[in-house]
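The next block is structure.tsv, given as TSV, C-alpha atoms and all ligand atoms.
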```tsv
chain	number	residue	atom	x	y	z
A	1	MET	CA	-16.15	46.36	30.56
A	2	LYS	CA	-19.52	47.88	31.35
A	3	VAL	CA	-20.07	51.23	29.69
A	4	ARG	CA	-23.01	53.32	30.76
A	5	HIS	CA	-25.15	55.34	28.35
A	6	VAL	CA	-26.87	58.48	29.67
A	7	LEU	CA	-28.93	61.28	28.20
A	8	GLY	CA	-29.80	64.47	30.05
A	9	ILE	CA	-33.33	65.74	29.50
A	10	SER	CA	-33.01	69.50	29.98
A	11	GLY	CA	-36.66	70.28	29.30
A	12	GLY	CA	-35.71	71.75	25.92
A	13	LYS	CA	-36.86	70.48	22.55
A	14	ASP	CA	-33.56	69.08	21.27
A	15	SER	CA	-32.76	66.71	24.15
A	16	ALA	CA	-36.40	65.61	24.18
A	17	ALA	CA	-36.28	64.84	20.45
A	18	LEU	CA	-32.93	63.07	20.82
A	19	SER	CA	-34.28	60.76	23.49
A	20	ILE	CA	-37.25	59.79	21.31
A	21	TYR	CA	-35.02	59.39	18.25
A	22	LEU	CA	-32.50	57.12	20.00
A	23	LYS	CA	-35.22	55.06	21.66
A	24	GLY	CA	-36.85	54.48	18.26
A	25	LYS	CA	-33.74	53.94	16.16
A	26	TYR	CA	-31.49	52.15	18.68
A	27	PRO	CA	-33.83	50.33	21.07
A	28	ASP	CA	-30.97	48.08	22.20
A	29	LEU	CA	-28.96	50.97	23.61
A	30	ASP	CA	-29.66	50.82	27.31
A	31	ILE	CA	-29.84	54.55	28.04
A	32	ASP	CA	-30.39	56.07	31.48
A	33	TYR	CA	-32.37	59.28	31.18
A	34	TYR	CA	-31.98	61.96	33.82
A	35	ASN	CA	-33.15	65.47	34.50
A	36	SER	CA	-31.46	68.01	36.78
A	37	ASP	CA	-34.25	69.58	38.76
A	38	THR	CA	-33.58	73.09	40.07
A	39	GLY	CA	-37.08	73.40	41.49
A	40	CYS	CA	-37.48	76.56	39.39
A	41	GLU	CA	-38.55	75.24	36.02
A	42	LEU	CA	-41.57	76.41	34.07
A	43	GLU	CA	-44.59	74.16	34.44
A	44	GLU	CA	-44.45	73.48	30.68
A	45	THR	CA	-41.06	71.83	31.27
A	46	GLU	CA	-42.48	69.57	33.95
A	47	LEU	CA	-45.31	68.63	31.60
A	48	LEU	CA	-42.85	67.78	28.82
A	49	ILE	CA	-40.87	65.54	31.15
A	50	SER	CA	-43.93	63.64	32.31
A	51	ARG	CA	-45.03	63.16	28.67
A	52	LEU	CA	-41.57	61.91	27.78
A	53	GLU	CA	-41.77	59.36	30.59
A	54	SER	CA	-44.70	57.77	28.82
A	55	VAL	CA	-42.41	57.13	25.81
A	56	LEU	CA	-39.08	56.46	27.54
A	57	GLY	CA	-39.99	55.05	30.92
A	58	PRO	CA	-38.83	56.65	34.17
A	59	ILE	CA	-36.49	59.65	34.03
A	60	THR	CA	-34.22	59.97	37.07
A	61	LYS	CA	-34.57	63.35	38.79
A	62	LEU	CA	-31.29	64.68	40.10
A	63	ARG	CA	-31.96	67.25	42.79
A	64	ALA	CA	-29.15	69.02	44.59
A	65	ALA	CA	-29.26	70.07	48.25
A	66	GLN	CA	-31.58	67.26	49.34
A	67	GLY	CA	-32.66	67.71	52.92
A	68	SER	CA	-32.20	71.49	52.86
A	69	PRO	CA	-34.98	73.43	54.63
A	70	GLU	CA	-35.08	75.86	51.69
A	71	PRO	CA	-37.99	75.43	49.23
A	72	THR	CA	-35.78	74.70	46.18
A	73	PRO	CA	-32.12	73.88	45.47
A	74	PHE	CA	-31.78	77.35	43.99
A	75	HIS	CA	-32.95	79.01	47.22
A	76	HIS	CA	-30.49	76.85	49.11
A	77	PHE	CA	-27.45	77.85	47.06
A	78	LEU	CA	-28.54	81.48	46.78
A	79	LYS	CA	-28.66	81.71	50.55
A	80	ALA	CA	-25.24	80.05	50.80
A	81	SER	CA	-23.83	82.63	48.38
A	82	GLY	CA	-25.22	85.55	50.37
A	83	GLY	CA	-27.87	86.50	47.82
A	84	TYR	CA	-25.35	86.86	45.00
A	85	LEU	CA	-27.39	86.15	41.87
A	86	PRO	CA	-25.76	84.00	39.19
A	87	SER	CA	-24.87	85.60	35.85
A	88	PRO	CA	-23.16	84.58	32.61
A	89	GLN	CA	-19.84	85.51	34.27
A	90	ALA	CA	-20.62	83.76	37.56
A	91	ARG	CA	-22.69	80.79	36.60
A	92	TRP	CA	-22.64	78.98	39.91
A	93	CYS	CA	-26.22	77.79	39.38
A	94	THR	CA	-25.35	75.31	36.62
A	95	GLN	CA	-22.23	74.17	38.38
A	96	LYS	CA	-23.90	73.52	41.72
A	97	MET	CA	-27.36	72.39	40.68
A	98	LYS	CA	-26.55	70.48	37.50
A	99	LEU	CA	-22.93	69.61	36.72
A	100	ALA	CA	-21.96	68.54	40.24
A	101	GLU	CA	-25.09	66.37	40.53
A	102	PHE	CA	-24.52	64.89	37.09
A	103	GLU	CA	-20.94	63.95	37.92
A	104	LYS	CA	-22.06	62.39	41.21
A	105	TYR	CA	-24.74	60.43	39.33
A	106	VAL	CA	-22.22	59.10	36.80
A	107	GLY	CA	-19.46	58.34	39.32
A	108	ASP	CA	-16.30	56.80	37.88
A	109	GLU	CA	-17.86	54.35	35.43
A	110	PRO	CA	-17.01	54.86	31.75
A	111	THR	CA	-20.02	56.73	30.42
A	112	ILE	CA	-21.27	57.90	27.05
A	113	SER	CA	-23.41	61.01	27.26
A	114	TYR	CA	-25.63	61.73	24.26
A	115	VAL	CA	-26.09	65.42	23.49
A	116	GLY	CA	-28.76	66.89	21.20
A	117	ILE	CA	-26.80	69.57	19.37
A	118	ARG	CA	-28.44	69.69	15.95
A	119	GLY	CA	-26.91	69.20	12.55
A	120	ASP	CA	-27.83	72.77	11.61
A	121	GLU	CA	-26.02	74.34	14.57
A	122	ASP	CA	-22.42	75.40	14.62
A	123	ARG	CA	-21.31	74.89	18.20
A	124	GLU	CA	-19.87	72.45	20.63
A	125	GLY	CA	-21.68	71.25	23.73
A	126	TYR	CA	-19.93	71.27	27.05
A	127	VAL	CA	-20.75	68.22	29.08
A	128	SER	CA	-18.03	67.38	31.54
A	129	THR	CA	-14.29	67.53	31.91
A	130	LYS	CA	-14.22	64.15	33.67
A	131	PRO	CA	-12.25	61.76	31.46
A	132	ASN	CA	-14.67	58.88	32.06
A	133	ILE	CA	-17.51	60.83	30.40
A	134	GLN	CA	-17.55	61.06	26.62
A	135	ALA	CA	-20.03	63.15	24.67
A	136	ILE	CA	-21.60	61.91	21.44
A	137	PHE	CA	-23.69	64.10	19.11
A	138	PRO	CA	-26.03	61.82	17.12
A	139	PHE	CA	-27.82	64.64	15.24
A	140	ARG	CA	-24.65	65.93	13.60
A	141	LYS	CA	-22.69	64.63	10.64
A	142	ASN	CA	-19.68	64.62	12.98
A	143	ILE	CA	-20.85	62.69	16.02
A	144	TRP	CA	-17.52	63.11	17.87
A	145	SER	CA	-16.42	65.81	20.27
A	146	LEU	CA	-13.63	68.22	19.45
A	147	ASP	CA	-11.06	66.55	21.70
A	148	VAL	CA	-11.58	63.22	19.92
A	149	ILE	CA	-11.22	64.83	16.48
A	150	ASN	CA	-8.04	66.58	17.58
A	151	LYS	CA	-6.56	63.29	18.78
A	152	VAL	CA	-7.50	61.36	15.64
A	153	LEU	CA	-6.30	63.98	13.17
A	154	GLN	CA	-3.11	65.12	14.87
A	155	ASN	CA	-0.04	64.76	12.68
A	156	GLN	CA	1.65	62.37	15.12
A	157	VAL	CA	-0.86	59.58	14.38
A	158	ILE	CA	-1.16	59.94	10.61
A	159	ALA	CA	0.49	56.54	10.05
A	160	ASP	CA	-1.91	54.81	12.50
A	161	ILE	CA	-4.96	56.38	10.90
A	162	ALA	CA	-3.70	55.47	7.43
A	163	GLU	CA	-3.34	51.85	8.58
A	164	LEU	CA	-6.92	51.83	9.86
A	165	TYR	CA	-8.16	53.27	6.58
A	166	LYS	CA	-6.32	50.51	4.70
A	167	LYS	CA	-8.19	47.93	6.80
A	168	ILE	CA	-11.64	49.53	6.82
A	169	CYS	CA	-12.09	51.72	3.75
A	170	PRO	CA	-13.78	50.25	0.63
A	171	SER	CA	-11.09	49.85	-2.02
A	172	ALA	CA	-12.83	52.14	-4.53
A	173	MET	CA	-12.21	55.16	-2.36
A	174	LEU	CA	-9.04	54.16	-0.53
A	175	ALA	CA	-6.60	56.14	-2.69
A	176	GLU	CA	-8.60	59.33	-2.21
A	177	ALA	CA	-8.97	58.68	1.51
A	178	LEU	CA	-5.23	58.16	1.96
A	179	GLN	CA	-4.48	61.37	0.11
A	180	ILE	CA	-6.52	63.24	2.70
A	181	VAL	CA	-5.29	61.24	5.69
A	182	GLU	CA	-1.64	61.63	4.77
A	183	ARG	CA	-1.84	65.37	4.23
A	184	PRO	CA	-0.61	66.93	7.49
A	185	ILE	CA	-2.56	69.49	9.46
A	186	SER	CA	-1.30	72.98	8.63
A	187	LYS	CA	-2.53	76.57	8.65
A	188	GLU	CA	-4.26	75.97	5.32
A	189	PHE	CA	-5.40	72.43	6.04
A	190	TYR	CA	-6.73	72.79	9.57
A	191	TYR	CA	-8.56	70.21	11.70
A	192	GLY	CA	-12.10	71.20	10.60
A	193	LYS	CA	-11.12	71.09	6.94
A	194	LYS	CA	-9.49	67.67	7.20
A	195	MET	CA	-12.39	66.28	9.20
A	196	ASN	CA	-14.94	67.57	6.67
A	197	ALA	CA	-12.95	66.17	3.75
A	198	LEU	CA	-12.98	62.71	5.36
A	199	LEU	CA	-16.63	62.94	6.35
A	200	ASP	CA	-17.60	64.11	2.86
A	201	LEU	CA	-15.80	61.14	1.39
A	202	ASP	CA	-17.59	58.63	3.60
A	203	VAL	CA	-19.14	59.13	7.03
A	204	LYS	CA	-19.33	55.47	8.02
A	205	THR	CA	-15.70	54.75	7.16
A	206	PHE	CA	-14.54	57.80	9.10
A	207	ASN	CA	-16.62	56.77	12.11
A	208	LYS	CA	-15.34	53.20	12.02
A	209	VAL	CA	-11.75	54.48	11.87
A	210	VAL	CA	-12.36	56.78	14.84
A	211	PHE	CA	-14.05	53.94	16.75
A	212	ASN	CA	-11.08	51.63	16.17
A	213	PHE	CA	-8.61	54.35	17.04
A	214	LEU	CA	-10.47	54.97	20.33
A	215	LYS	CA	-9.82	51.35	21.24
A	216	THR	CA	-6.19	52.37	21.77
A	217	THR	CA	-7.28	55.07	24.26
A	218	ASP	CA	-9.22	55.31	27.50
A	219	TYR	CA	-12.31	56.85	25.90
A	220	PRO	CA	-15.54	55.06	26.92
A	221	VAL	CA	-16.62	54.41	23.32
A	222	GLY	CA	-13.34	52.53	22.78
A	223	LYS	CA	-14.34	50.06	25.49
A	224	LEU	CA	-17.38	48.90	23.53
A	225	ASP	CA	-17.34	45.85	21.25
A	226	TYR	CA	-19.83	47.49	18.96
A	227	PHE	CA	-21.14	51.04	18.73
A	228	PRO	CA	-24.17	51.35	16.44
A	229	LEU	CA	-23.82	55.10	16.07
A	230	VAL	CA	-20.78	54.60	13.79
A	231	GLU	CA	-23.25	53.47	11.13
A	232	ASN	CA	-25.43	56.54	11.53
A	233	GLU	CA	-25.50	58.99	8.65
A	234	ASP	CA	-28.54	61.02	9.70
A	235	ILE	CA	-28.21	64.77	10.06
A	236	LEU	CA	-31.14	66.33	11.88
A	237	GLY	CA	-32.08	70.00	11.84
A	238	ILE	CA	-34.71	72.10	13.52
A	239	LYS	CA	-37.57	70.93	11.34
A	240	ASP	CA	-36.76	67.28	12.07
A	241	ILE	CA	-36.80	68.04	15.80
A	242	TYR	CA	-40.30	69.50	15.57
A	243	ASP	CA	-41.45	66.53	13.48
A	244	ILE	CA	-40.09	64.02	16.00
A	245	LEU	CA	-41.84	65.77	18.88
A	246	GLU	CA	-45.15	66.16	17.06
A	247	ASN	CA	-45.17	62.65	15.56
A	248	SER	CA	-44.36	60.99	18.87
A	249	GLY	CA	-47.37	62.60	20.52
A	250	VAL	CA	-45.09	64.28	23.10
A	251	GLY	CA	-45.51	67.63	21.40
A	252	VAL	CA	-43.47	70.81	21.52
A	253	PRO	CA	-43.27	72.52	24.90
A	254	ALA	CA	-45.90	75.25	25.00
A	255	TYR	CA	-43.43	78.02	25.86
A	256	TYR	CA	-41.90	77.77	22.37
A	257	LYS	CA	-45.21	78.68	20.73
A	258	PRO	CA	-45.18	82.28	19.47
A	259	ILE	CA	-47.80	84.53	21.07
A	260	PRO	CA	-48.80	87.64	19.11
A	261	PHE	CA	-48.56	91.14	20.58
A	262	GLU	CA	-49.22	94.59	19.19
A	263	VAL	CA	-47.42	97.82	19.88
A	264	ASP	CA	-47.91	101.19	18.11
A	265	GLY	CA	-50.07	99.36	15.55
A	266	LYS	CA	-47.19	96.96	14.71
A	267	GLN	CA	-47.52	93.21	15.11
A	268	GLY	CA	-44.92	91.04	16.74
A	269	THR	CA	-44.68	87.71	18.51
A	270	TYR	CA	-42.85	86.53	21.57
A	271	CYS	CA	-42.15	83.24	23.27
A	272	ARG	CA	-39.56	81.71	25.48
A	273	SER	CA	-36.65	80.37	23.44
A	274	ARG	CA	-35.10	77.96	25.94
A	275	SER	CA	-35.84	75.67	28.79
A	276	GLY	CA	-34.25	76.26	32.19
A	277	CYS	CA	-35.15	78.24	35.28
A	278	TYR	CA	-37.93	80.78	34.87
A	279	PHE	CA	-35.58	83.56	36.02
A	280	CYS	CA	-32.68	82.47	33.81
A	281	PHE	CA	-30.36	85.43	33.20
A	282	PHE	CA	-29.69	84.17	29.68
A	283	GLN	CA	-33.16	85.14	28.56
A	284	GLN	CA	-33.52	88.21	26.44
A	285	LYS	CA	-35.46	91.29	27.45
A	286	ILE	CA	-38.41	90.38	25.25
A	287	GLU	CA	-38.50	86.99	26.99
A	288	TRP	CA	-38.64	88.74	30.36
A	289	ILE	CA	-41.63	90.69	29.02
A	290	TRP	CA	-43.16	87.38	27.92
A	291	LEU	CA	-42.67	86.10	31.47
A	292	TYR	CA	-44.19	89.27	32.94
A	293	GLU	CA	-47.26	89.09	30.72
A	294	GLN	CA	-47.73	85.33	30.46
A	295	HIS	CA	-46.54	84.18	33.89
A	296	PRO	CA	-46.91	87.24	36.17
A	297	ASP	CA	-46.53	85.12	39.32
A	298	LEU	CA	-43.12	83.85	38.17
A	299	PHE	CA	-42.05	87.35	37.18
A	300	GLN	CA	-43.01	88.54	40.63
A	301	LYS	CA	-40.94	85.75	42.20
A	302	SER	CA	-37.99	86.68	39.99
A	303	MET	CA	-38.27	90.29	41.18
A	304	GLU	CA	-38.17	89.15	44.77
A	305	PHE	CA	-34.69	87.69	44.24
A	306	GLU	CA	-33.35	91.14	43.29
A	307	LYS	CA	-32.07	92.36	46.63
A	308	GLY	CA	-29.00	94.17	47.92
A	309	GLY	CA	-28.22	95.70	44.54
A	310	TYR	CA	-28.14	92.35	42.69
A	311	THR	CA	-30.16	92.26	39.46
A	312	TRP	CA	-30.80	89.57	36.87
A	313	ILE	CA	-29.95	91.89	34.00
A	314	GLN	CA	-26.76	93.88	34.25
A	315	GLY	CA	-27.57	97.55	34.90
A	316	GLU	CA	-31.35	97.22	34.92
A	317	SER	CA	-33.73	95.94	37.56
A	318	LEU	CA	-36.86	94.02	36.68
A	319	SER	CA	-39.00	96.75	38.22
A	320	ASP	CA	-37.50	99.23	35.73
A	321	LEU	CA	-37.92	96.76	32.89
A	322	ILE	CA	-41.70	96.67	33.27
A	323	LYS	CA	-42.31	100.42	33.15
A	324	PRO	CA	-44.80	100.94	30.28
A	325	GLU	CA	-42.45	103.01	28.11
A	326	ARG	CA	-39.67	100.45	28.57
A	327	ILE	CA	-41.99	97.58	27.60
A	328	ARG	CA	-43.04	99.49	24.50
A	329	GLN	CA	-39.40	100.03	23.51
A	330	ILE	CA	-38.43	96.40	24.12
A	331	LYS	CA	-41.33	95.19	22.00
A	332	LEU	CA	-40.49	97.58	19.16
A	333	ASP	CA	-36.84	96.49	19.29
A	334	ALA	CA	-37.91	92.86	19.22
A	335	ILE	CA	-40.08	93.39	16.15
A	336	LYS	CA	-37.23	95.13	14.35
A	337	LYS	CA	-34.76	92.42	15.25
A	338	GLN	CA	-37.07	89.59	14.31
A	339	GLU	CA	-37.82	91.17	10.93
A	340	ALA	CA	-34.14	91.69	10.15
A	341	LYS	CA	-33.11	88.22	11.27
A	342	ALA	CA	-35.99	86.44	9.56
A	343	LYS	CA	-34.82	87.94	6.26
A	344	LYS	CA	-31.27	86.81	6.81
A	345	GLU	CA	-31.58	83.46	8.51
A	346	ARG	CA	-32.37	80.13	6.98
A	347	SER	CA	-34.86	79.41	9.74
A	348	SER	CA	-37.59	81.90	10.48
A	349	LEU	CA	-38.78	80.02	13.56
A	350	LEU	CA	-39.09	82.43	16.42
A	351	VAL	CA	-37.34	80.15	18.91
A	352	ASP	CA	-34.33	80.08	16.63
A	353	ILE	CA	-34.31	83.81	16.12
A	354	LEU	CA	-34.49	84.45	19.85
A	355	GLY	CA	-32.27	81.54	20.78
A	356	ASP	CA	-29.49	82.55	18.45
A	357	ASP	CA	-28.37	85.61	20.19
A	358	ASP	CA	-25.65	85.28	22.69
A	359	ASN	CA	-22.89	83.34	21.07
A	360	ASP	CA	-23.83	80.05	22.54
A	361	ALA	CA	-22.64	80.57	26.03
A	362	PHE	CA	-24.93	77.73	27.01
A	363	CYS	CA	-24.47	74.18	27.99
A	364	ALA	CA	-26.30	70.96	27.40
A	365	ASN	CA	-27.45	70.79	30.98
A	366	CYS	CA	-29.79	73.74	30.80
A	367	PHE	CA	-31.04	74.35	27.32
A	368	ILE	CA	-30.54	71.65	24.72
A	401	LIG	S1	-31.31	77.67	33.44
A	401	LIG	FE1	-30.16	79.55	33.70
A	401	LIG	S2	-30.45	80.09	35.87
A	401	LIG	FE2	-31.05	77.94	35.66
A	401	LIG	S3	-29.22	76.75	36.13
A	401	LIG	FE3	-29.22	77.07	33.91
A	401	LIG	S4	-28.02	78.95	33.56
A	401	LIG	FE4	-28.59	78.88	35.74
```

Target encoding C-alpha cells, full file:
Amino acid sequence: MKVRHVLGISGGKDSAALSIYLKGKYPDLDIDYYNSDTGCELEETELLISRLESVLGPITKLRAAQGSPEPTPFHHFLKASGGYLPSPQARWCTQKMKLAEFEKYVGDEPTISYVGIRGDEDREGYVSTKPNIQAIFPFRKNIWSLDVINKVLQNQVIADIAELYKKICPSAMLAEALQIVERPISKEFYYGKKMNALLDLDVKTFNKVVFNFLKTTDYPVGKLDYFPLVENEDILGIKDIYDILENSGVGVPAYYKPIPFEVDGKQGTYCRSRSGCYFCFFQQKIEWIWLYEQHPDLFQKSMEFEKGGYTWIQGESLSDLIKPERIRQIKLDAIKKQEAKAKKERSSLLVDILGDDDNDAFCANCFI
C-alpha cells in the first residue's frame, strides 16, 4: 500500500533543519514538503523557505481561503469571526489556516508526518487527530508518538511484545530485555520509565519491535515493508540544528539573531524566538518591542487589528505597550529574566530562553 511521507516547513529553525537532515541522510524517502501560508509571515520566513527550496526542491504552499477578496487568509477569517482576535484560548487561526488545510492536503491516504521536536526538548508535538496521519520525531531518541508508546507498552500486549523481542533482540541482551518487557506498567514503573529502560538497553531493537508491532495495527508506518528510521540512533539538540542550517548554506533565519539594546545603562538583547505570523499572540512582550523597533510597519499593522475592545495581549493594548515608560520596564524585565535563565539553563541561546516560556502550548504547524 502506498504510504505518503510529508514534512511541514513552519518557517522555524527545527523543521528547516529536519528537512535538510532527512534529505541528506535518507535521500530515498520520498517526502512532500509543504508550508501553510497565512499571508502574515515575516519576510525572513519567506526568505528561509525560498532558500530551502534550493536544497529540497519545490515546497507546496497551502493557502486557505483561496479566491477570497481579502488580502490574506487571516483577514478573511478575521472578518468571518467578526473581528474576534485569536488567542491561546481561542486559537482559531491555526485550526482554520493550517490544520484544516493540512488535513485537506493529506486526504485519506496513510501518511507519515515528520516533526522536528528536538532531542533536548521535553514535549510532544500535536499534528493531527486523523488516524491516517502518524507523527514521527527523528531528532529524538524516542521517535514514536505517545499514543504508539502507550499501545506498545500496555500490559495487555506484554506477551506479544515479549515474542517480538525473542525474534529480534540480539541474544546477549535478551534476558535483560525480557525482564523489562515482562514487568507490568504500574504506579512505580510507568510508561515513560519502561520506554526509557528499553531504549537505554538498545534503541534499534526497541524500534524494530515497535515497527513489527505496528504491522498488526492500522498505523501508516505498519504498512511499510521497510522503515529506515528504525535504524536511526541520532539525537539532535539545539546546537546540531544550528550546525545543519549553517553548514547547508541555508542559514539561520535572521529574526533569531540577537540584537543588542541598552536601557538605564544596562545591556540586553532581543530577537524573535519563533516563526509564525508577525502578530502572533504567543510572542512575549519583549518580542512585541522587537517588532515595534525592528519592523515598525508590521507593528503598526498589528495595532490596526485591535478594534472593538479586542487586543493581542490580554488586558493591554499595543498602543499602551509602546509608551516609553512601559518599553523601559519591559526591557529591564527582559534583561533580568534572561540573566536568571541563562544561569540556570543548559542553553544560553536567546531563542531558547525566550522560546521556553509558556509551557509549550504550541504546535508543529506554527513554530517548529
Ligand atoms: S503563528 Fe500564531 S497567530 Fe499565526 S496561526 Fe500560528 S498561533 Fe495563530

Once you count only C-alpha atoms and all ligand atoms, which residues end up within 7 Å of ligand LIG 401 (chain A), and could you hand them over as a PyMOL selection string?
chain A and resi 38+86+91+93-94+97-98+275-277+279-282+366-367

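From CA of Lys215 in chain A back to CA of Asp234 in chain A, the distance works out to 24.0 Å.
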
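We find CA of Glu53 in chain A and CA of Arg118 in chain A to be spaced 22.3 Å apart.
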
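Using all atoms listed in the file, the nearest neighbour of Glu101 in chain A within the list A:Ser54, A:Ser248, A:Thr60, A:Thr311 is A:Thr60.
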
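Between CA of Arg328 in chain A and CA of Val263 in chain A the separation is 6.6 Å.
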
Quick one: everything within 10 Å of Trp92 in chain A, counting only C-alpha atoms, minus sequence neighbours fewer than 6 positions away in the same chain. Send it as a list in words.
Phe77, Leu78, Ser81, Tyr84, Leu85, Pro86, Lys98 and Leu99 of chain A

Axis-aligned box for range 134-145 of chain A, 4 Å per side, centre and edges in Å as lines of an AutoDock Vina configuration file:
```
center_x = -22.1
center_y = 63.5
center_z = 18.6
size_x = 19.4
size_y = 12.9
size_z = 24.0
```

Quick one: range 118-134 of chain A with N, CA and C atoms, as a compact mmCIF listing (two decimals), in the coordinates of the input?
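New file rebuild_25.txt:
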```txt
# COMPACT_ATOMS: atom_id res chain seq x y z
N ARG A 118 -27.88 70.06 17.25
CA ARG A 118 -28.44 69.69 15.95
C ARG A 118 -27.41 69.81 14.83
N GLY A 119 -27.77 69.14 13.72
CA GLY A 119 -26.91 69.20 12.55
C GLY A 119 -26.87 70.56 11.90
N ASP A 120 -27.85 71.44 12.21
CA ASP A 120 -27.83 72.77 11.61
C ASP A 120 -27.29 73.83 12.58
N GLU A 121 -26.63 73.38 13.63
CA GLU A 121 -26.02 74.34 14.57
C GLU A 121 -24.50 74.25 14.44
N ASP A 122 -23.87 75.37 14.73
CA ASP A 122 -22.42 75.40 14.62
C ASP A 122 -21.85 75.70 16.01
N ARG A 123 -21.88 74.69 16.87
CA ARG A 123 -21.31 74.89 18.20
C ARG A 123 -21.01 73.56 18.86
N GLU A 124 -20.23 73.65 19.87
CA GLU A 124 -19.87 72.45 20.63
C GLU A 124 -20.66 72.46 21.93
N GLY A 125 -20.93 71.29 22.48
CA GLY A 125 -21.68 71.25 23.73
C GLY A 125 -20.77 70.82 24.87
N TYR A 126 -20.73 71.64 25.89
CA TYR A 126 -19.93 71.27 27.05
C TYR A 126 -20.69 70.25 27.87
N VAL A 127 -20.07 69.18 28.23
CA VAL A 127 -20.75 68.22 29.08
C VAL A 127 -20.00 68.04 30.38
N SER A 128 -18.77 67.62 30.31
CA SER A 128 -18.03 67.38 31.54
C SER A 128 -16.56 67.31 31.20
N THR A 129 -15.73 67.68 32.15
CA THR A 129 -14.29 67.53 31.91
C THR A 129 -13.78 66.22 32.48
N LYS A 130 -14.67 65.44 33.11
CA LYS A 130 -14.22 64.15 33.67
C LYS A 130 -13.86 63.19 32.52
N PRO A 131 -12.69 62.59 32.59
CA PRO A 131 -12.25 61.76 31.46
C PRO A 131 -13.10 60.52 31.24
N ASN A 132 -13.85 60.08 32.26
CA ASN A 132 -14.67 58.88 32.06
C ASN A 132 -16.01 59.19 31.40
N ILE A 133 -16.24 60.46 31.07
CA ILE A 133 -17.51 60.83 30.40
C ILE A 133 -17.19 61.32 28.98
N GLN A 134 -17.78 60.66 28.02
CA GLN A 134 -17.55 61.06 26.62
C GLN A 134 -18.85 61.50 25.98
```
